[in-house]
>>> print(open('run32.cif').read())   # mmCIF, C-alpha atoms
data_structure
#
loop_
_atom_site.label_atom_id
_atom_site.label_comp_id
_atom_site.auth_asym_id
_atom_site.auth_seq_id
_atom_site.Cartn_x
_atom_site.Cartn_y
_atom_site.Cartn_z
CA MET X 1 -22.38 21.63 -27.15
CA LYS X 2 -23.32 19.20 -29.86
CA LYS X 3 -25.56 16.30 -28.95
CA ILE X 4 -25.00 12.77 -30.15
CA SER X 5 -28.04 10.52 -30.57
CA VAL X 6 -27.94 6.91 -29.50
CA ARG X 7 -30.59 4.20 -29.48
CA THR X 8 -30.51 1.45 -26.85
CA SER X 9 -31.48 -2.21 -27.26
CA ASP X 10 -35.09 -1.55 -26.20
CA GLY X 11 -35.58 1.14 -28.84
CA GLN X 12 -35.24 4.18 -26.61
CA GLU X 13 -33.31 7.17 -27.91
CA PHE X 14 -31.01 9.36 -25.85
CA GLU X 15 -29.24 12.57 -26.67
CA LEU X 16 -25.82 12.52 -25.12
CA GLU X 17 -23.62 15.51 -24.52
CA GLU X 18 -20.69 15.32 -26.88
CA ASN X 19 -18.13 15.17 -24.06
CA LEU X 20 -19.80 12.07 -22.57
CA ALA X 21 -20.10 10.44 -25.99
CA MET X 22 -16.41 11.05 -26.65
CA GLU X 23 -15.47 9.36 -23.34
CA SER X 24 -16.84 6.14 -24.74
CA ALA X 25 -14.23 4.50 -26.96
CA THR X 26 -16.99 2.45 -28.60
CA ILE X 27 -19.20 5.42 -29.48
CA LYS X 28 -16.18 7.43 -30.60
CA THR X 29 -15.17 4.67 -33.00
CA SER X 30 -18.70 4.65 -34.45
CA LEU X 31 -18.64 8.43 -34.82
CA ASP X 32 -15.35 8.28 -36.66
CA ALA X 33 -16.82 5.74 -39.07
CA PHE X 34 -20.17 7.42 -39.65
CA SER X 35 -21.67 10.90 -39.79
CA ARG X 36 -22.39 12.66 -36.52
CA ASP X 37 -25.95 13.24 -37.57
CA ASP X 38 -26.67 9.51 -37.64
CA ILE X 39 -28.11 7.74 -34.64
CA ILE X 40 -25.62 5.37 -33.07
CA LEU X 41 -27.16 1.98 -32.36
CA LEU X 42 -26.20 0.34 -29.04
CA PRO X 43 -27.79 -3.11 -29.15
CA ASN X 44 -25.85 -4.23 -26.07
CA VAL X 45 -27.01 -1.40 -23.85
CA ASN X 46 -30.34 -1.24 -22.08
CA SER X 47 -32.17 2.05 -21.51
CA TRP X 48 -32.03 1.79 -17.68
CA GLU X 49 -28.27 1.33 -18.00
CA MET X 50 -28.00 4.39 -20.23
CA VAL X 51 -29.91 6.45 -17.67
CA LYS X 52 -27.53 5.36 -14.91
CA ILE X 53 -24.47 6.00 -17.05
CA ILE X 54 -25.59 9.54 -17.77
CA GLU X 55 -26.23 10.02 -14.04
CA PHE X 56 -22.77 8.66 -13.15
CA PHE X 57 -21.01 10.80 -15.72
CA THR X 58 -22.78 13.95 -14.54
CA LYS X 59 -21.61 13.20 -11.01
CA VAL X 60 -18.00 12.66 -12.13
CA GLN X 61 -18.04 16.03 -13.92
CA GLU X 62 -19.46 17.68 -10.81
CA LEU X 63 -16.71 16.14 -8.66
CA GLU X 64 -14.02 17.19 -11.13
CA THR X 65 -15.25 20.78 -10.90
CA LYS X 66 -15.47 20.56 -7.11
CA PHE X 67 -11.97 19.12 -6.66
CA GLY X 68 -10.45 21.12 -9.50
CA VAL X 69 -8.75 18.13 -11.12
CA LYS X 70 -9.61 15.51 -13.71
CA PHE X 71 -10.25 12.13 -12.06
CA MET X 72 -8.10 10.24 -14.57
CA GLU X 73 -5.15 12.52 -13.78
CA LYS X 74 -4.99 11.96 -10.06
CA LYS X 75 -7.49 9.21 -9.11
CA GLU X 76 -7.59 10.50 -5.58
CA GLY X 77 -9.46 8.57 -2.92
CA ARG X 78 -11.92 11.39 -2.37
CA PHE X 79 -13.33 10.99 -5.90
CA LEU X 80 -13.94 7.33 -5.27
CA GLU X 81 -15.44 7.96 -1.84
CA ALA X 82 -17.78 10.70 -3.04
CA PHE X 83 -18.97 8.56 -5.95
CA GLN X 84 -19.51 5.64 -3.63
CA ALA X 85 -21.45 7.72 -1.12
CA GLU X 86 -23.80 8.88 -3.88
CA PHE X 87 -24.53 5.61 -5.69
CA ASP X 88 -23.54 2.57 -3.67
CA LYS X 89 -26.63 2.04 -1.53
CA ASP X 90 -29.13 2.01 -4.39
CA LEU X 91 -27.23 -0.45 -6.56
CA SER X 92 -27.87 -4.17 -6.19
CA ASP X 93 -24.98 -6.56 -6.88
CA ASP X 94 -26.67 -7.75 -10.08
CA ASN X 95 -27.24 -4.21 -11.35
CA LEU X 96 -23.68 -3.27 -10.53
CA TYR X 97 -22.45 -6.24 -12.59
CA CYS X 98 -24.62 -5.28 -15.56
CA LEU X 99 -23.34 -1.72 -15.41
CA LEU X 100 -19.75 -2.89 -15.08
CA TRP X 101 -20.14 -4.99 -18.21
CA THR X 102 -21.85 -2.18 -20.12
CA VAL X 103 -19.35 0.48 -19.12
CA ASP X 104 -16.52 -1.87 -20.07
CA TYR X 105 -18.22 -2.55 -23.41
CA LEU X 106 -18.64 1.18 -24.05
CA GLY X 107 -15.03 1.77 -23.01
CA ILE X 108 -15.75 4.60 -20.54
CA GLU X 109 -12.59 4.36 -18.48
CA VAL X 110 -13.46 6.94 -15.83
CA LEU X 111 -16.72 5.19 -14.94
CA LEU X 112 -15.12 1.74 -15.08
CA GLU X 113 -12.63 2.75 -12.37
CA ASN X 114 -15.40 4.08 -10.13
CA LEU X 115 -17.64 1.04 -10.57
CA CYS X 116 -14.77 -1.40 -10.02
CA HIS X 117 -14.01 0.45 -6.81
CA LEU X 118 -17.64 -0.03 -5.71
CA MET X 119 -17.41 -3.74 -6.42
CA ALA X 120 -14.04 -3.98 -4.61
CA GLU X 121 -15.55 -2.41 -1.49
CA ARG X 122 -18.18 -5.16 -1.47
CA THR X 123 -15.51 -7.87 -1.40
CA LYS X 124 -13.22 -6.56 1.33
CA ASN X 125 -12.78 -8.78 4.38
CA LYS X 126 -15.58 -11.08 3.26
CA THR X 127 -15.34 -14.82 3.81
CA VAL X 128 -14.42 -16.95 0.83
CA GLU X 129 -17.99 -18.32 0.71
CA SER X 130 -19.46 -14.81 0.68
CA CYS X 131 -17.19 -13.89 -2.22
CA ARG X 132 -18.24 -17.01 -4.12
CA ASN X 133 -21.87 -15.95 -3.72
CA LEU X 134 -21.08 -12.40 -4.72
CA PHE X 135 -19.29 -13.44 -7.92
CA GLY X 136 -21.72 -16.26 -8.65
CA VAL X 137 -18.87 -18.75 -8.71
CA GLN X 138 -18.91 -22.51 -8.28
CA HIS X 139 -16.55 -24.16 -5.86
CA ASP X 140 -13.99 -24.96 -8.55
CA TYR X 141 -11.08 -26.24 -6.45
CA THR X 142 -10.62 -29.71 -5.05
CA PRO X 143 -10.32 -29.76 -1.23
CA GLU X 144 -6.59 -30.47 -1.59
CA GLU X 145 -6.05 -27.53 -3.97
CA GLU X 146 -7.94 -25.19 -1.69
CA ALA X 147 -6.06 -26.36 1.39
CA GLU X 148 -2.75 -25.78 -0.41
CA ILE X 149 -3.62 -22.21 -1.38
CA ARG X 150 -4.90 -21.44 2.12
CA GLU X 151 -1.61 -22.75 3.50
CA ASP X 152 0.41 -20.57 1.12
CA TYR X 153 -1.48 -17.48 2.23
CA SER X 154 -2.19 -18.39 5.83
CA TRP X 155 -1.23 -14.86 6.97
CA ALA X 156 -4.08 -13.45 4.86
CA PHE X 157 -6.63 -15.56 6.71
CA GLU X 158 -5.81 -14.28 10.17
CA GLY X 159 -8.05 -11.57 11.56
CA PRO X 160 -11.75 -10.78 11.17
CA GLU X 161 -13.96 -11.93 8.30
CA ILE X 162 -17.47 -10.87 7.37
CA GLU X 163 -20.05 -13.52 6.58
CA GLU X 164 -22.95 -12.42 4.45
CA MET I 165 -25.81 -14.91 -12.09
CA ASP I 166 -22.48 -16.20 -13.33
CA MET I 167 -20.80 -12.83 -13.23
CA ILE I 168 -17.30 -14.11 -13.19
CA ASN I 169 -17.54 -15.36 -16.75
CA MET I 170 -19.34 -12.27 -18.03
CA LEU I 171 -16.69 -9.79 -17.04
CA PRO I 172 -13.35 -9.65 -18.87
CA VAL I 173 -10.39 -10.74 -16.76
CA GLU I 174 -8.91 -7.23 -16.97
CA CYS I 175 -12.03 -5.92 -15.28
CA ILE I 176 -11.71 -8.45 -12.48
CA SER I 177 -8.06 -7.48 -12.08
CA LEU I 178 -9.11 -3.84 -11.83
CA ILE I 179 -11.61 -4.71 -9.09
CA ILE I 180 -9.00 -6.68 -7.13
CA SER I 181 -6.47 -3.86 -7.53
CA PHE I 182 -8.79 -1.66 -5.46
CA THR I 183 -8.67 -4.05 -2.51
CA SER I 184 -5.45 -4.86 -0.64
CA PRO I 185 -2.60 -7.37 -0.81
CA ARG I 186 -4.38 -9.39 1.86
CA ASP I 187 -7.70 -9.44 -0.03
CA ALA I 188 -5.95 -10.22 -3.31
CA CYS I 189 -4.36 -13.32 -1.73
CA ARG I 190 -7.67 -14.35 -0.20
CA SER I 191 -9.35 -14.03 -3.60
CA SER I 192 -7.02 -16.76 -4.91
CA VAL I 193 -9.02 -19.24 -2.84
CA VAL I 194 -12.38 -18.06 -4.20
CA SER I 195 -11.92 -19.43 -7.71
CA PRO I 196 -9.24 -20.16 -10.33
CA VAL I 197 -10.42 -17.20 -12.44
CA LEU I 198 -9.96 -14.81 -9.52
CA ARG I 199 -6.60 -16.36 -8.83
CA ILE I 200 -5.39 -15.63 -12.37
CA ALA I 201 -6.85 -12.11 -12.30
CA GLY I 202 -5.42 -11.46 -8.84
CA ASP I 203 -1.93 -12.70 -9.70
CA SER I 204 -1.51 -10.25 -12.57
CA ASP I 205 1.25 -7.66 -12.77
CA PHE I 206 -1.46 -5.02 -13.14
CA VAL I 207 -2.80 -5.75 -9.66
CA TRP I 208 0.54 -6.01 -7.83
CA GLU I 209 2.01 -2.95 -9.51
CA ARG I 210 -0.80 -1.00 -7.88
CA PHE I 211 0.12 -2.46 -4.48
CA LEU I 212 3.79 -1.54 -4.86
CA PRO I 213 4.76 2.05 -3.91
CA GLN I 214 4.44 4.49 -6.81
CA ASP I 215 8.18 5.15 -6.83
CA TYR I 216 9.23 1.51 -6.47
CA GLU I 217 11.20 1.49 -9.73
CA GLN I 218 13.32 4.42 -8.63
CA ILE I 219 13.96 2.79 -5.23
CA ILE I 220 14.89 -0.58 -6.70
CA SER I 221 17.26 1.03 -9.19
CA GLN I 222 19.48 1.92 -6.22
CA SER I 223 19.93 -1.70 -5.24
CA PRO I 224 22.83 -3.85 -6.47
CA SER I 225 20.27 -6.57 -7.25
CA SER I 226 18.02 -4.30 -9.32
CA SER I 227 18.23 -6.33 -12.53
CA SER I 228 17.08 -9.54 -10.87
CA LEU I 229 14.35 -7.66 -9.02
CA ASN I 230 13.15 -6.10 -12.27
CA SER I 231 12.92 -9.50 -13.95
CA MET I 232 10.46 -10.81 -11.33
CA SER I 233 6.70 -10.73 -11.64
CA LYS I 234 5.26 -7.81 -9.70
CA LYS I 235 3.68 -10.17 -7.20
CA ASN I 236 6.96 -11.97 -6.56
CA LEU I 237 8.71 -8.63 -6.31
CA TYR I 238 6.18 -7.45 -3.72
CA PHE I 239 6.67 -10.47 -1.49
CA ARG I 240 10.42 -10.41 -2.01
CA LEU I 241 10.55 -6.85 -0.72
CA CYS I 242 8.42 -7.86 2.27
CA SER I 243 10.77 -10.60 3.37
CA HIS I 244 14.21 -9.49 2.11
CA PRO I 245 15.10 -5.83 2.70
CA ILE I 246 17.23 -4.37 -0.09
CA ILE I 247 20.22 -2.12 0.48
CA ILE I 248 19.92 1.32 -1.13
CA SER I 249 21.32 4.82 -0.83
CA ASN I 250 24.94 3.76 -1.30
CA GLY I 251 24.71 1.19 1.45
CA ASN I 252 23.36 3.62 4.02
CA MET I 253 19.79 2.38 4.20
CA SER I 254 17.70 -0.71 3.73
CA PHE I 255 14.21 -0.72 2.23
CA ALA I 256 11.36 -3.20 2.66
CA LEU I 257 7.57 -3.34 2.42
CA GLU I 258 5.03 -4.11 5.10
CA LYS I 259 3.09 -7.14 3.86
CA GLN I 260 -0.50 -6.30 4.74
CA SER I 261 -0.50 -2.78 3.33
CA GLY I 262 2.50 -2.38 1.03
CA LYS I 263 3.74 0.59 3.05
CA LYS I 264 7.40 1.47 3.09
CA CYS I 265 9.85 0.52 5.82
CA TYR I 266 13.40 1.86 6.08
CA MET I 267 16.38 1.20 8.30
CA VAL I 268 19.16 3.78 8.48
CA CYS I 269 22.45 2.01 9.11
CA ALA I 270 24.84 3.05 11.87
CA ARG I 271 27.04 4.93 9.36
CA GLY I 272 23.98 6.91 8.29
CA LEU I 273 23.15 7.98 11.86
CA THR I 274 24.58 10.91 13.76
CA ILE I 275 26.43 9.30 16.66
CA ALA I 276 28.11 11.74 19.03
CA TRP I 277 31.82 10.85 19.28
CA GLY I 278 31.22 8.13 16.66
CA ASP I 279 34.43 8.96 14.84
CA THR I 280 36.59 8.88 17.97
CA PRO I 281 38.23 5.44 18.13
CA ALA I 282 38.64 5.67 21.91
CA TYR I 283 34.86 5.66 22.27
CA TRP I 284 33.39 3.82 19.28
CA HIS I 285 34.75 1.40 16.78
CA TRP I 286 33.31 0.14 13.54
CA ILE I 287 33.14 -3.57 12.92
CA THR I 288 31.65 -6.02 10.48
CA LEU I 289 29.22 -8.62 11.77
CA PRO I 290 27.99 -11.48 9.58
CA HIS I 291 24.37 -11.24 10.73
CA SER I 292 24.13 -7.51 10.03
CA ARG I 293 22.49 -6.49 6.78
CA PHE I 294 24.96 -3.61 6.52
CA ALA I 295 28.71 -3.51 5.86
CA GLU I 296 29.46 -2.03 9.27
CA VAL I 297 27.93 -1.64 12.70
CA ALA I 298 29.03 0.67 15.49
CA GLU I 299 30.33 -0.84 18.74
CA LEU I 300 30.51 1.30 21.86
CA LYS I 301 33.75 0.91 23.82
CA LEU I 302 33.07 3.44 26.50
CA VAL I 303 31.23 6.75 26.62
CA TRP I 304 29.36 9.06 28.97
CA TRP I 305 27.74 11.13 26.27
CA LEU I 306 25.49 8.76 24.33
CA ASP I 307 23.54 10.54 21.65
CA ILE I 308 22.33 8.69 18.55
CA LYS I 309 20.07 10.28 15.96
CA ALA I 310 18.45 9.46 12.59
CA CYS I 311 17.00 12.08 10.25
CA ILE I 312 14.38 10.80 7.85
CA GLU I 313 12.71 12.81 5.11
CA THR I 314 8.93 12.45 5.26
CA LYS I 315 8.67 12.52 1.47
CA ASP I 316 10.31 9.09 1.42
CA LEU I 317 7.60 7.57 3.61
CA SER I 318 4.09 6.33 2.79
CA PRO I 319 1.50 9.11 3.26
CA GLY I 320 -1.40 8.76 5.65
CA THR I 321 0.59 6.45 7.91
CA THR I 322 1.49 6.29 11.58
CA TYR I 323 5.11 5.20 11.79
CA ALA I 324 7.12 3.98 14.76
CA ALA I 325 10.90 4.34 15.03
CA TYR I 326 13.08 1.64 16.61
CA LEU I 327 16.70 1.53 17.72
CA VAL I 328 18.08 -1.80 16.49
CA TYR I 329 20.98 -3.03 18.61
CA GLN I 330 22.68 -5.70 20.65
CA LEU I 331 24.27 -5.58 24.06
CA SER I 332 27.54 -7.44 24.42
CA GLN I 333 28.44 -9.62 27.36
CA HIS I 334 30.54 -6.86 28.97
CA ARG I 335 27.91 -4.19 28.87
CA TYR I 336 27.11 -1.85 31.67
CA GLY I 337 25.13 1.31 32.14
CA PHE I 338 22.07 0.16 30.23
CA GLU I 339 19.82 -0.79 33.13
CA SER I 340 19.02 2.88 33.58
CA PRO I 341 16.74 4.74 31.19
CA LEU I 342 17.63 6.70 28.09
CA VAL I 343 15.58 9.58 26.74
CA SER I 344 14.02 8.75 23.39
CA ARG I 345 12.75 11.60 21.27
CA ILE I 346 10.82 12.18 18.04
CA SER I 347 10.67 15.66 16.59
CA TYR I 348 9.94 17.36 13.28
CA GLN I 349 12.40 19.89 11.93
CA GLN I 350 9.67 22.16 10.65
CA SER I 351 7.27 22.24 13.56
CA ASP I 352 7.25 22.32 17.32
CA VAL I 353 5.84 18.85 17.68
CA VAL I 354 8.07 16.76 19.93
CA THR I 355 7.37 13.53 21.78
CA VAL I 356 9.65 12.22 24.49
CA HIS I 357 9.76 8.85 26.22
CA SER I 358 12.04 7.02 28.55
CA VAL I 359 13.40 3.65 27.38
CA ILE I 360 15.61 0.99 28.87
CA LEU I 361 17.83 -0.95 26.50
CA ASP I 362 18.70 -3.89 28.73
CA PRO I 363 16.13 -6.54 27.84
CA ARG I 364 16.53 -8.45 31.11
CA PRO I 365 14.15 -8.79 32.86
CA PRO I 366 11.76 -8.81 29.88
CA ARG I 367 10.40 -5.34 29.28
CA PRO I 368 7.53 -4.25 27.10
CA ARG I 369 9.55 -1.86 24.96
CA ALA I 370 12.76 -3.85 24.29
CA ARG I 371 12.13 -7.00 22.32
CA ASP I 372 14.00 -9.63 20.36
CA ARG I 373 13.47 -9.10 16.62
CA GLY I 374 14.27 -12.69 15.76
CA ASP I 375 17.07 -11.73 13.33
CA GLY I 376 19.86 -11.61 15.92
CA TRP I 377 19.07 -8.06 17.04
CA ILE I 378 16.97 -6.38 19.72
CA GLU I 379 14.82 -3.32 19.16
CA VAL I 380 13.37 -0.68 21.40
CA GLU I 381 10.66 1.74 20.29
CA ILE I 382 11.86 5.33 20.22
CA GLY I 383 8.39 6.75 19.57
CA GLU I 384 5.83 7.24 16.85
CA PHE I 385 4.87 9.93 14.36
CA PHE I 386 2.27 10.49 11.67
CA VAL I 387 3.10 11.23 8.04
CA GLU I 388 0.25 13.07 6.37
CA GLN I 389 1.38 13.84 2.84
CA GLY I 390 4.70 12.56 1.62
CA ASP I 391 5.40 15.69 -0.35
CA ASP I 392 5.89 18.14 2.48
CA ASP I 393 9.56 18.93 2.82
CA ASP I 394 9.87 17.90 6.43
CA VAL I 395 12.42 15.81 8.27
CA VAL I 396 11.68 13.64 11.31
CA GLU I 397 14.43 13.26 13.88
CA CYS I 398 14.49 10.09 15.98
CA SER I 399 17.02 9.98 18.77
CA VAL I 400 18.10 8.30 21.98
CA LYS I 401 20.28 10.07 24.51
CA GLU I 402 21.79 9.53 27.94
CA VAL I 403 24.61 11.66 29.27
CA SER I 404 24.91 11.07 32.97
CA ASN I 405 26.33 7.54 33.28
CA SER I 406 29.25 5.77 31.73
CA LYS I 407 28.21 3.03 29.34
CA ARG I 408 29.82 0.35 27.28
CA GLY I 409 29.00 -2.71 25.23
CA LEU I 410 26.28 -1.37 22.92
CA ILE I 411 26.35 -2.49 19.28
CA VAL I 412 24.20 -0.38 16.96
CA GLU I 413 22.83 -1.82 13.69
CA GLY I 414 20.66 1.18 12.88
CA ILE I 415 17.35 2.94 13.40
CA GLU I 416 14.30 1.49 11.65
CA VAL I 417 11.01 3.16 10.80
CA ARG I 418 8.00 1.08 9.88
CA PRO I 419 4.18 1.36 10.12
CA LYS I 420 3.03 1.22 13.73
CA GLY I 421 1.45 -1.98 14.88
CA ILE I 422 3.77 -4.31 12.97
#
>>> encode(input="run32.cif", output="structure tokens")
Amino acid sequence: MKKISVRTSDGQEFELEENLAMESATIKTSLDAFSRDDIILLPNVNSWEMVKIIEFFTKVQELETKFGVKFMEKKEGRFLEAFQAEFDKDLSDDNLYCLLWTVDYLGIEVLLENLCHLMAERTKNKTVESCRNLFGVQHDYTPEEEAEIREDYSWAFEGPEIEE
Amino acid sequence: MDMINMLPVECISLIISFTSPRDACRSSVVSPVLRIAGDSDFVWERFLPQDYEQIISQSPSSSSLNSMSKKNLYFRLCSHPIIISNGNMSFALEKQSGKKCYMVCARGLTIAWGDTPAYWHWITLPHSRFAEVAELKLVWWLDIKACIETKDLSPGTTYAAYLVYQLSQHRYGFESPLVSRISYQQSDVVTVHSVILDPRPPRPRARDRGDGWIEVEIGEFFVEQGDDDDVVECSVKEVSNSKRGLIVEGIEVRPKGI
């Protein structure tokens, strides 16, 4: 299979398998514009991110072979769970954010779904304060606005919450 | 790190779409950006059942339902069951999970002797969601059954079935127990309970629904995959006493624990 060369922001070069390169809408657009023998420059992607992306993509391909179906066709829970089991514990919140941004920038849909799922799992049943910390958000509502929204969705605030 | 402003709003919507209706509503309180992302049609379309368009198309109010935002549609279906299947069933969603709930109306049930005017007659009641309900005049052989196709239900869900009814002032015969039964047409799995329809004195199984009707749990069953071609039968039966004064609205199935 043909390899596509890319260079990350810190000057490191990677040879990507063509099928991974073609999953990235951004790289594909560059390939269509230029010759395939040229190195594609990715000034918005760091080398550590590229390493992780290659790792993620390899895992997705492995799971697709194992389950006998393309993830984007069926998006079954077991894909998401297996991906999560493999990568979740070694990814800090900050790293996960960086990778989310990068994968979105590169337009790799299959990885974006998996990473968004990882982030979603980190928000479930958390208190509002924990979520604000997680997303790095300021307390943007006035007390009256917040009280009104809480009133509208009072049913959603019954039951257990996790403080972190 | 101010992540919320780094990620595109579509990405945040995608994250929220992997949570639940409950978490999506909670995220509205976190920040205005999450509120906008969480309110999007993209998110709520993922919470609606996959076949929601086909289900809604059967309702007389389908055009107004289709003109709503997906979030408004979701909550509408949670609080206002729609009539489908030529008036034979109602459909609603369970709020926390978005799982499907159905009620089969009395005309859609198999009621032994239901077409014999000496035993049962069919009337219209203003507080029924259906055009007709069945009123028992007098019968010994009481046998009421609903057949529900598992492919219509939400997969991976434990459902409970309920007889939805009233007892008129002149009732008798309902202080003694009926046999309630859940079985699958394609397997040998059967569960049987004993239920008493008279809600006085207060009993754990018969309870006021708050919509003018009482319900009693017939039993529960688990739906694994919705695409197996199986049918669940939910029935109540009592054939040894004379009975009168039962008014049947239908049999409802909804996720257990609601």
>>> closest_atom_pairs(input="run32.cif", of="chain X", to="chain I", cutoff="6 Å", atoms="all atoms listed in the file", output="CSV")
residue,atom,partner,partner_atom,distance
X:Cys116,CA,I:Ile179,CA,4.7
X:His117,CA,I:Phe182,CA,5.8
X:Ala120,CA,I:Ile179,CA,5.1
X:Val128,CA,I:Val194,CA,5.5
X:Arg132,CA,I:Val194,CA,6.0
X:Phe135,CA,I:Met167,CA,5.6
X:Gly136,CA,I:Asp166,CA,4.7
X:Asp140,CA,I:Ser195,CA,6.0
X:Ala156,CA,I:Arg186,CA,5.1
>>> atom_distance(input="run32.cif", atom1="CA of Glu397 (chain I)", atom2="CA of Met253 (chain I)")
15.5 Å
>>> residues_near_point(input="run32.cif", point="(17.5, -1.3, 18.8)", cutoff="8 Å", atoms="all atoms listed in the file", output="PyMOL selection string")
chain I and resi 326-330+361+370+377-381+412-415
>>> residues_around(input="run32.cif", residues="Val400 (chain I)", least_positions_apart="2", cutoff="10 Å", atoms="all atoms listed in the file", output="mmCIF file with C-alpha atoms, in the coordinates of the input")
data_model
loop_
_atom_site.group_PDB
_atom_site.id
_atom_site.type_symbol
_atom_site.label_atom_id
_atom_site.label_comp_id
_atom_site.auth_asym_id
_atom_site.auth_seq_id
_atom_site.Cartn_x
_atom_site.Cartn_y
_atom_site.Cartn_z
ATOM 1 C CA ILE I 275 26.430 9.300 16.660
ATOM 2 C CA LEU I 306 25.490 8.760 24.330
ATOM 3 C CA ASP I 307 23.540 10.540 21.650
ATOM 4 C CA ILE I 308 22.330 8.690 18.550
ATOM 5 C CA LYS I 309 20.070 10.280 15.960
ATOM 6 C CA ALA I 310 18.450 9.460 12.590
ATOM 7 C CA TYR I 326 13.080 1.640 16.610
ATOM 8 C CA LEU I 327 16.700 1.530 17.720
ATOM 9 C CA PRO I 341 16.740 4.740 31.190
ATOM 10 C CA LEU I 342 17.630 6.700 28.090
ATOM 11 C CA VAL I 343 15.580 9.580 26.740
ATOM 12 C CA SER I 344 14.020 8.750 23.390
ATOM 13 C CA ARG I 345 12.750 11.600 21.270
ATOM 14 C CA ILE I 346 10.820 12.180 18.040
ATOM 15 C CA VAL I 356 9.650 12.220 24.490
ATOM 16 C CA HIS I 357 9.760 8.850 26.220
ATOM 17 C CA SER I 358 12.040 7.020 28.550
ATOM 18 C CA VAL I 359 13.400 3.650 27.380
ATOM 19 C CA ILE I 382 11.860 5.330 20.220
ATOM 20 C CA CYS I 398 14.490 10.090 15.980
ATOM 21 C CA GLU I 402 21.790 9.530 27.940
#
>>> atom_distance(input="run32.cif", atom1="CA of Ala201 (chain I)", atom2="CA of Asn114 (chain X)")
18.4 Å
>>> atom_distance(input="run32.cif", atom1="CA of Asp104 (chain X)", atom2="CA of Asp37 (chain X)")
25.0 Å
>>> resolve_selection(input="run32.cif", expression="the PyMOL selection byres ((chain I and resi 315) around 10)", output="list of chain:residue names")
I:Ile312, I:Glu313, I:Thr314, I:Asp316, I:Leu317, I:Ser318, I:Pro319, I:Val387, I:Glu388, I:Gln389, I:Gly390, I:Asp391, I:Asp392, I:Asp393, I:Asp394, I:Val395
>>> resolve_selection(input="run32.cif", expression="the PyMOL selection byres ((chain X and resi 1) around 12)", output="PyMOL selection string")
chain X and resi 2-4+15-21
>>> write_last_selection(input="run32.cif", atoms="C-alpha atoms", output="compact mmCIF listing (two decimals), in the coordinates of the input")
# COMPACT_ATOMS: atom_id res chain seq x y z
CA LYS X 2 -23.32 19.20 -29.86
CA LYS X 3 -25.56 16.30 -28.95
CA ILE X 4 -25.00 12.77 -30.15
CA GLU X 15 -29.24 12.57 -26.67
CA LEU X 16 -25.82 12.52 -25.12
CA GLU X 17 -23.62 15.51 -24.52
CA GLU X 18 -20.69 15.32 -26.88
CA ASN X 19 -18.13 15.17 -24.06
CA LEU X 20 -19.80 12.07 -22.57
CA ALA X 21 -20.10 10.44 -25.99
>>> resolve_selection(input="run32.cif", expression="the PyMOL selection byres ((chain I and resi 268) around 7)", output="NGL selection string")
:I and (252-254 or 266-267 or 269-270 or 272-273 or 414-416)
>>> decode(input="run32.cif", residues="region 67-74 of chain X", atoms="N, CA, C and O atoms", output="mmCIF file, in the first residue's frame")
data_model
loop_
_atom_site.group_PDB
_atom_site.id
_atom_site.type_symbol
_atom_site.label_atom_id
_atom_site.label_comp_id
_atom_site.auth_asym_id
_atom_site.auth_seq_id
_atom_site.Cartn_x
_atom_site.Cartn_y
_atom_site.Cartn_z
ATOM 1 N N PHE X 67 -14.910 -7.464 14.485
ATOM 2 C CA PHE X 67 -16.374 -7.483 14.498
ATOM 3 C C PHE X 67 -16.969 -7.689 13.115
ATOM 4 O O PHE X 67 -18.170 -7.845 12.979
ATOM 5 N N GLY X 68 -16.111 -7.657 12.095
ATOM 6 C CA GLY X 68 -16.592 -7.937 10.743
ATOM 7 C C GLY X 68 -17.495 -6.869 10.172
ATOM 8 O O GLY X 68 -18.326 -7.141 9.315
ATOM 9 N N VAL X 69 -17.383 -5.632 10.647
ATOM 10 C CA VAL X 69 -18.222 -4.563 10.109
ATOM 11 C C VAL X 69 -17.488 -3.244 10.259
ATOM 12 O O VAL X 69 -16.725 -3.052 11.207
ATOM 13 N N LYS X 70 -17.697 -2.350 9.314
ATOM 14 C CA LYS X 70 -17.081 -1.023 9.401
ATOM 15 C C LYS X 70 -17.772 -0.233 10.506
ATOM 16 O O LYS X 70 -19.000 -0.199 10.570
ATOM 17 N N PHE X 71 -16.985 0.426 11.350
ATOM 18 C CA PHE X 71 -17.558 1.200 12.459
ATOM 19 C C PHE X 71 -18.580 2.211 11.961
ATOM 20 O O PHE X 71 -19.665 2.342 12.525
ATOM 21 N N MET X 72 -18.252 2.936 10.892
ATOM 22 C CA MET X 72 -19.147 4.017 10.449
ATOM 23 C C MET X 72 -20.460 3.475 9.900
ATOM 24 O O MET X 72 -21.425 4.199 9.792
ATOM 25 N N GLU X 73 -20.492 2.179 9.562
ATOM 26 C CA GLU X 73 -21.754 1.598 9.089
ATOM 27 C C GLU X 73 -22.715 1.356 10.233
ATOM 28 O O GLU X 73 -23.897 1.620 10.135
ATOM 29 N N LYS X 74 -22.213 0.792 11.318
ATOM 30 C CA LYS X 74 -23.128 0.352 12.370
ATOM 31 C C LYS X 74 -22.967 1.093 13.698
ATOM 32 O O LYS X 74 -23.889 1.137 14.494
#
